[in-house]
Protein chains: 4
Amino acid sequence: MEKNLTQIQKEVDHWVQQYEKPYFSPLSMMAALMEEVGEVARVMNIKYGDKPAKGKEDLMNLQEEIGDVLFSLVCIANSEGFSLNDAYLQKIEKLNNRDSSRFKKKEEK
Amino acid sequence: MEKNLTQIQKEVDHWVQQYEKPYFSPLSMMAALMEEVGEVARVMNIKYGDKPAKGKEDLMNLQEEIGDVLFSLVCIANSEGFSLNDAYLQKIEKLNNRDSSRFKKKEEK
Amino acid sequence: MEKNLTQIQKEVDHWVQQYEKPYFSPLSMMAALMEEVGEVARVMNIKYGDKPAKGKEDLMNLQEEIGDVLFSLVCIANSEGFSLNDAYLQKIEKLNNRDSSRFKKKEEK
Amino acid sequence: MEKNLTQIQKEVDHWVQQYEKPYFSPLSMMAALMEEVGEVARVMNIKYGDKPAKGKEDLMNLQEEIGDVLFSLVCIANSEGFSLNDAYLQKIEKLNNRDSSRFKKKEEK
């Protein structure tokens with residue numbers, strides 16, 4: 001049974017709470033997020049851009065790097081005390097209103 | 001009833017498919033992710049760092065910016081055809097193995 | 001007469017020293033760098049990627065955004081006490097050695 | 001004799017022109033910039049944040065990582081055909097006007 005975002009936030013908090021310093025300081029979490037996004041950028045640049053692969057970078061896995069970014073987001077949300085599901089719902093609401101005419105829709109037949 | 005990540009990926013795909021160009025090209029999605037992360041950085045830097053707030057930036061909402069980053073991740077996962085839930089499970093597996101002794105645990109009583 | 005990097009570092013330090021808190025804390029400078037890089041990403045994504053321009057973003061200037069990133073680098077180098085020119089020379093040295101065979105050279109005639 | 005930014009741009013162009021594909025595509029240069037900024041973030045997070053160092057990361061050099069970011073900026077400026085020195089002068093102009101009252105100045109005696 002797949003967890004939803006609220007359950008994921010709880011699971012991560014449970015894991016993190018076993019450590020002396022559960023969450024990094026806010027700007028340290030921010031730097032960690034940047035590091036993970038940089039690793040996604042490297043893999044995407046090898047796969048779709050002009051960056052040549054080195055040996056071990058070939059083994060890099062985009063899914064794994066995206067998982068690291070997602071984990072960083074969960075940590076920020078937990079530390080800040082908000083719900084990622086609320087963040088998602090707010091985004092969907094914004095897409096359905098403010099951005100609904102921003103992109104060109106497929107023509108109706 | 002809260003959606004899980006698989007349902008969120010489907011909902012985003014449904015929204016995106018109404019447009020002529022559903023997903024940005026991979027490196028364009030990557031640049032969009034960077035832009036959103038930069039906006040999170042700005043809000044965190046005003047809240048926790050030394051950046052002074054300007055008027056309208058005071059109104060910025062960290063939850064909203066994190067929602068934008070999450071949406072970017074969902075788009076990359078959809079476009080690449082992998083499961084964010086699998087990415088999450090892979091991360092948890094890595095935390096429970098490779099990283100389990102990386103941080104100092106609370107002392108047992 | 002154009003300034004070199006050492007003179008630029010001094011000029012920025014002179015400007016910054018007129019303020020009560022001359023440099024942001026290290027992780028706050030890092031967040032500022034991320035924000036500026038995010039703005040470069042937005043402009044590049046509008047110019048070369050799939051992001052549609054909004055009105056005022058059309059007026060954004062890539063040169064200006066790159067100038068902001070450069071300024072962030074100068075501040076980090078000043079605050080950390082190293083020379084950007086040394087950083088540049090170290091990079092050129094690395095390019096001429098480690099990376100000299102990484103990319104395919106033009107064929108000689 | 002230290003090079004100025006115009007001379008640095010020329011030197012990098014000279015190095016790059018020996019290769020079949022001198023510059024990455026714009027969004028690929030953007031991804032490379034993100035990757036390098038991510039590496040700066042990692043080193044800063046170990047030095048000033050809560051990220052524990054692994055063995056080889058201890059050897060990482062902030063100056064080297066900043067040199068990589070600077071090189072990425074030079075490549076973007078060269079590929080886009082603008083002057084980094086102009087970008088710097090534009091930034092200084094902005095600091096002396098728009099931002100001159102943004103931060104609190106030291107009190108005069």
# chains A, B, ... in the order shown; residues from 1 in each chain; ligands from 1
>>> closest_atom_pairs(of="chain C", to="chain B", cutoff="12 Å", atoms="only C-alpha atoms", output="tab-separated table")
residue	atom	partner	partner_atom	distance
C:Glu20	CA	B:Asp50	CA	11.8
C:Lys21	CA	B:Asp50	CA	8.8
C:Pro22	CA	B:Asp50	CA	10.4
C:Tyr23	CA	B:Asp50	CA	8.7
C:Phe24	CA	B:Asp50	CA	5.5
C:Ser25	CA	B:Asp50	CA	7.0
C:Pro26	CA	B:Gly49	CA	9.4
C:Leu27	CA	B:Gly49	CA	7.7
C:Ser28	CA	B:Gly49	CA	5.0
C:Met29	CA	B:Asp50	CA	8.3
C:Met30	CA	B:Ala41	CA	8.8
C:Ala31	CA	B:Ala41	CA	5.1
C:Ala32	CA	B:Arg42	CA	6.7
C:Leu33	CA	B:Gly38	CA	8.5
C:Met34	CA	B:Gly38	CA	5.2
C:Glu35	CA	B:Gly38	CA	4.0
C:Glu36	CA	B:Gly38	CA	7.1
C:Val37	CA	B:Gly38	CA	7.0
C:Gly38	CA	B:Glu35	CA	4.0
C:Glu39	CA	B:Glu35	CA	6.1
C:Val40	CA	B:Glu35	CA	8.0
C:Ala41	CA	B:Ala31	CA	5.1
C:Arg42	CA	B:Glu35	CA	5.7
C:Val43	CA	B:Ala31	CA	9.3
C:Met44	CA	B:Ala31	CA	7.8
C:Asn45	CA	B:Ser28	CA	6.0
C:Ile46	CA	B:Ser28	CA	9.0
C:Lys47	CA	B:Ser28	CA	10.4
C:Tyr48	CA	B:Ser28	CA	8.1
C:Gly49	CA	B:Ser28	CA	5.0
C:Asp50	CA	B:Phe24	CA	5.5
C:Lys51	CA	B:Ser28	CA	7.5
C:Pro52	CA	B:Phe24	CA	10.6
>>> write_last_selection(atoms="C-alpha atoms", output="PDB file, in the first residue's frame")
ATOM      1  CA  GLU C  20      27.181  47.556   9.180  1.00  0.00           C
ATOM      2  CA  LYS C  21      27.216  43.922   8.129  1.00  0.00           C
ATOM      3  CA  PRO C  22      29.596  43.894   5.156  1.00  0.00           C
ATOM      4  CA  TYR C  23      29.211  40.262   4.096  1.00  0.00           C
ATOM      5  CA  PHE C  24      26.308  37.882   4.595  1.00  0.00           C
ATOM      6  CA  SER C  25      27.077  34.744   6.603  1.00  0.00           C
ATOM      7  CA  PRO C  26      28.564  31.980   4.410  1.00  0.00           C
ATOM      8  CA  LEU C  27      25.359  29.959   3.958  1.00  0.00           C
ATOM      9  CA  SER C  28      23.412  33.155   3.377  1.00  0.00           C
ATOM     10  CA  MET C  29      25.829  34.102   0.576  1.00  0.00           C
ATOM     11  CA  MET C  30      25.312  30.576  -0.755  1.00  0.00           C
ATOM     12  CA  ALA C  31      21.537  31.039  -0.805  1.00  0.00           C
ATOM     13  CA  ALA C  32      22.016  34.396  -2.558  1.00  0.00           C
ATOM     14  CA  LEU C  33      24.181  32.704  -5.191  1.00  0.00           C
ATOM     15  CA  MET C  34      21.465  30.088  -5.736  1.00  0.00           C
ATOM     16  CA  GLU C  35      18.845  32.794  -6.139  1.00  0.00           C
ATOM     17  CA  GLU C  36      20.918  34.614  -8.757  1.00  0.00           C
ATOM     18  CA  VAL C  37      21.660  31.383 -10.644  1.00  0.00           C
ATOM     19  CA  GLY C  38      17.931  30.685 -10.623  1.00  0.00           C
ATOM     20  CA  GLU C  39      17.334  34.022 -12.312  1.00  0.00           C
ATOM     21  CA  VAL C  40      19.900  33.206 -14.992  1.00  0.00           C
ATOM     22  CA  ALA C  41      18.086  29.884 -15.470  1.00  0.00           C
ATOM     23  CA  ARG C  42      14.758  31.673 -15.947  1.00  0.00           C
ATOM     24  CA  VAL C  43      16.125  34.026 -18.600  1.00  0.00           C
ATOM     25  CA  MET C  44      17.944  31.220 -20.431  1.00  0.00           C
ATOM     26  CA  ASN C  45      14.783  29.088 -20.316  1.00  0.00           C
ATOM     27  CA  ILE C  46      12.731  31.856 -21.897  1.00  0.00           C
ATOM     28  CA  LYS C  47      15.386  32.528 -24.534  1.00  0.00           C
ATOM     29  CA  TYR C  48      16.344  28.931 -25.397  1.00  0.00           C
ATOM     30  CA  GLY C  49      13.868  26.643 -23.673  1.00  0.00           C
ATOM     31  CA  ASP C  50      10.147  26.131 -23.516  1.00  0.00           C
ATOM     32  CA  LYS C  51       9.248  28.680 -20.868  1.00  0.00           C
ATOM     33  CA  PRO C  52       6.893  31.330 -22.213  1.00  0.00           C
TER      34      PRO C  52
END
>>> closest_residue(among="D:Lys54, D:Asn61, D:Gly67, D:Leu5", to="Gln90 of chain C", atoms="only C-alpha atoms")
D:Gly67
>>> select_by_dssp(residues="chain A", states="helix (DSSP H, G or I)", output="PyMOL selection string")
chain A and resi 5-16+26-48+56-59+62-80+84-96
>>> residues_around(residues="Cys75 of chain A", least_positions_apart="2", cutoff="8 Å", atoms="only C-alpha atoms", output="list in words")
Gln9, Val12, Asp13, Tyr23, Met29, Phe71, Ser72, Leu73, Ala77, Asn78 and Ser79 of chain A
>>> write_last_selection(atoms="N, CA and C atoms", output="tab-separated table (two decimals), in the first residue's frame")
chain	number	residue	atom	x	y	z
A	9	GLN	N	6.02	12.19	5.07
A	9	GLN	CA	6.61	13.16	6.00
A	9	GLN	C	6.80	12.55	7.39
A	12	VAL	N	9.78	9.99	7.33
A	12	VAL	CA	11.08	10.67	7.32
A	12	VAL	C	11.36	11.26	8.70
A	13	ASP	N	10.34	11.84	9.33
A	13	ASP	CA	10.56	12.41	10.66
A	13	ASP	C	10.97	11.33	11.65
A	23	TYR	N	17.29	17.64	12.21
A	23	TYR	CA	17.27	18.39	10.95
A	23	TYR	C	18.45	19.35	10.90
A	29	MET	N	20.01	23.03	5.14
A	29	MET	CA	19.10	22.22	4.31
A	29	MET	C	19.02	22.80	2.90
A	71	PHE	N	13.66	13.94	-0.96
A	71	PHE	CA	13.96	13.81	0.48
A	71	PHE	C	14.30	15.18	1.08
A	72	SER	N	15.08	15.98	0.36
A	72	SER	CA	15.41	17.33	0.85
A	72	SER	C	14.15	18.16	1.04
A	73	LEU	N	13.22	18.05	0.10
A	73	LEU	CA	11.97	18.81	0.22
A	73	LEU	C	11.18	18.37	1.45
A	77	ALA	N	10.05	20.72	4.58
A	77	ALA	CA	8.64	20.82	4.99
A	77	ALA	C	8.46	20.39	6.44
A	78	ASN	N	9.10	19.30	6.83
A	78	ASN	CA	9.00	18.84	8.23
A	78	ASN	C	9.57	19.88	9.18
A	79	SER	N	10.75	20.39	8.85
A	79	SER	CA	11.41	21.33	9.74
A	79	SER	C	10.62	22.63	9.86
>>> residues_around(residues="segment 94-106 of chain D", least_positions_apart="2", cutoff="6 Å", atoms="only C-alpha atoms", output="short mmCIF file (atom, residue, chain, number, x, y, z; two decimals) with C-alpha atoms, in the first residue's frame")
data_model
loop_
_atom_site.label_atom_id
_atom_site.label_comp_id
_atom_site.auth_asym_id
_atom_site.auth_seq_id
_atom_site.Cartn_x
_atom_site.Cartn_y
_atom_site.Cartn_z
CA GLN C 18 30.45 50.95 4.19
CA TYR C 19 27.66 48.77 5.64
CA GLU C 20 27.18 47.56 9.18
CA LYS D 91 26.16 45.64 -11.38
CA ILE D 92 28.33 48.31 -9.72
#
>>> atom_distance(atom1="atom CA of Glu80 of chain C", atom2="atom CA of Gln7 of chain D")
25.1 Å
>>> decode(residues="segment 73-94 of chain C", atoms="N, CA and C atoms", output="compact mmCIF listing (two decimals), in the first residue's frame")
# COMPACT_ATOMS: atom_id res chain seq x y z
N LEU C 73 29.96 35.66 -6.51
CA LEU C 73 31.25 34.95 -6.43
C LEU C 73 32.32 35.82 -5.80
N VAL C 74 32.34 37.10 -6.18
CA VAL C 74 33.35 38.02 -5.63
C VAL C 74 33.16 38.13 -4.11
N CYS C 75 31.90 38.22 -3.67
CA CYS C 75 31.64 38.32 -2.23
C CYS C 75 32.10 37.07 -1.49
N ILE C 76 31.83 35.89 -2.05
CA ILE C 76 32.27 34.65 -1.40
C ILE C 76 33.80 34.61 -1.33
N ALA C 77 34.45 34.95 -2.44
CA ALA C 77 35.92 34.93 -2.45
C ALA C 77 36.48 35.93 -1.43
N ASN C 78 35.91 37.12 -1.39
CA ASN C 78 36.38 38.12 -0.41
C ASN C 78 36.18 37.64 1.02
N SER C 79 34.99 37.12 1.29
CA SER C 79 34.67 36.70 2.63
C SER C 79 35.54 35.52 3.06
N GLU C 80 35.83 34.63 2.10
CA GLU C 80 36.66 33.46 2.39
C GLU C 80 38.15 33.80 2.34
N GLY C 81 38.47 34.96 1.77
CA GLY C 81 39.87 35.37 1.75
C GLY C 81 40.74 34.69 0.71
N PHE C 82 40.15 34.37 -0.45
CA PHE C 82 41.03 33.86 -1.50
C PHE C 82 40.90 34.70 -2.77
N SER C 83 41.80 34.46 -3.67
CA SER C 83 41.89 35.25 -4.90
C SER C 83 41.14 34.57 -6.04
N LEU C 84 40.21 35.30 -6.65
CA LEU C 84 39.49 34.75 -7.80
C LEU C 84 40.44 34.51 -8.96
N ASN C 85 41.47 35.32 -9.06
CA ASN C 85 42.44 35.11 -10.13
C ASN C 85 43.19 33.79 -9.92
N ASP C 86 43.51 33.48 -8.67
CA ASP C 86 44.11 32.18 -8.38
C ASP C 86 43.15 31.05 -8.74
N ALA C 87 41.88 31.24 -8.42
CA ALA C 87 40.87 30.23 -8.75
C ALA C 87 40.82 30.01 -10.26
N TYR C 88 40.90 31.11 -10.99
CA TYR C 88 40.89 31.03 -12.46
C TYR C 88 42.15 30.31 -12.97
N LEU C 89 43.30 30.68 -12.45
CA LEU C 89 44.56 30.06 -12.90
C LEU C 89 44.58 28.56 -12.59
N GLN C 90 43.99 28.21 -11.44
CA GLN C 90 43.91 26.79 -11.06
C GLN C 90 43.01 26.03 -12.05
N LYS C 91 41.94 26.69 -12.47
CA LYS C 91 41.02 26.05 -13.44
C LYS C 91 41.71 25.87 -14.79
N ILE C 92 42.43 26.88 -15.24
CA ILE C 92 43.13 26.78 -16.53
C ILE C 92 44.18 25.67 -16.47
N GLU C 93 44.87 25.60 -15.37
CA GLU C 93 45.85 24.52 -15.16
C GLU C 93 45.17 23.14 -15.26
N LYS C 94 44.00 23.04 -14.63
CA LYS C 94 43.27 21.77 -14.66
C LYS C 94 42.81 21.43 -16.08
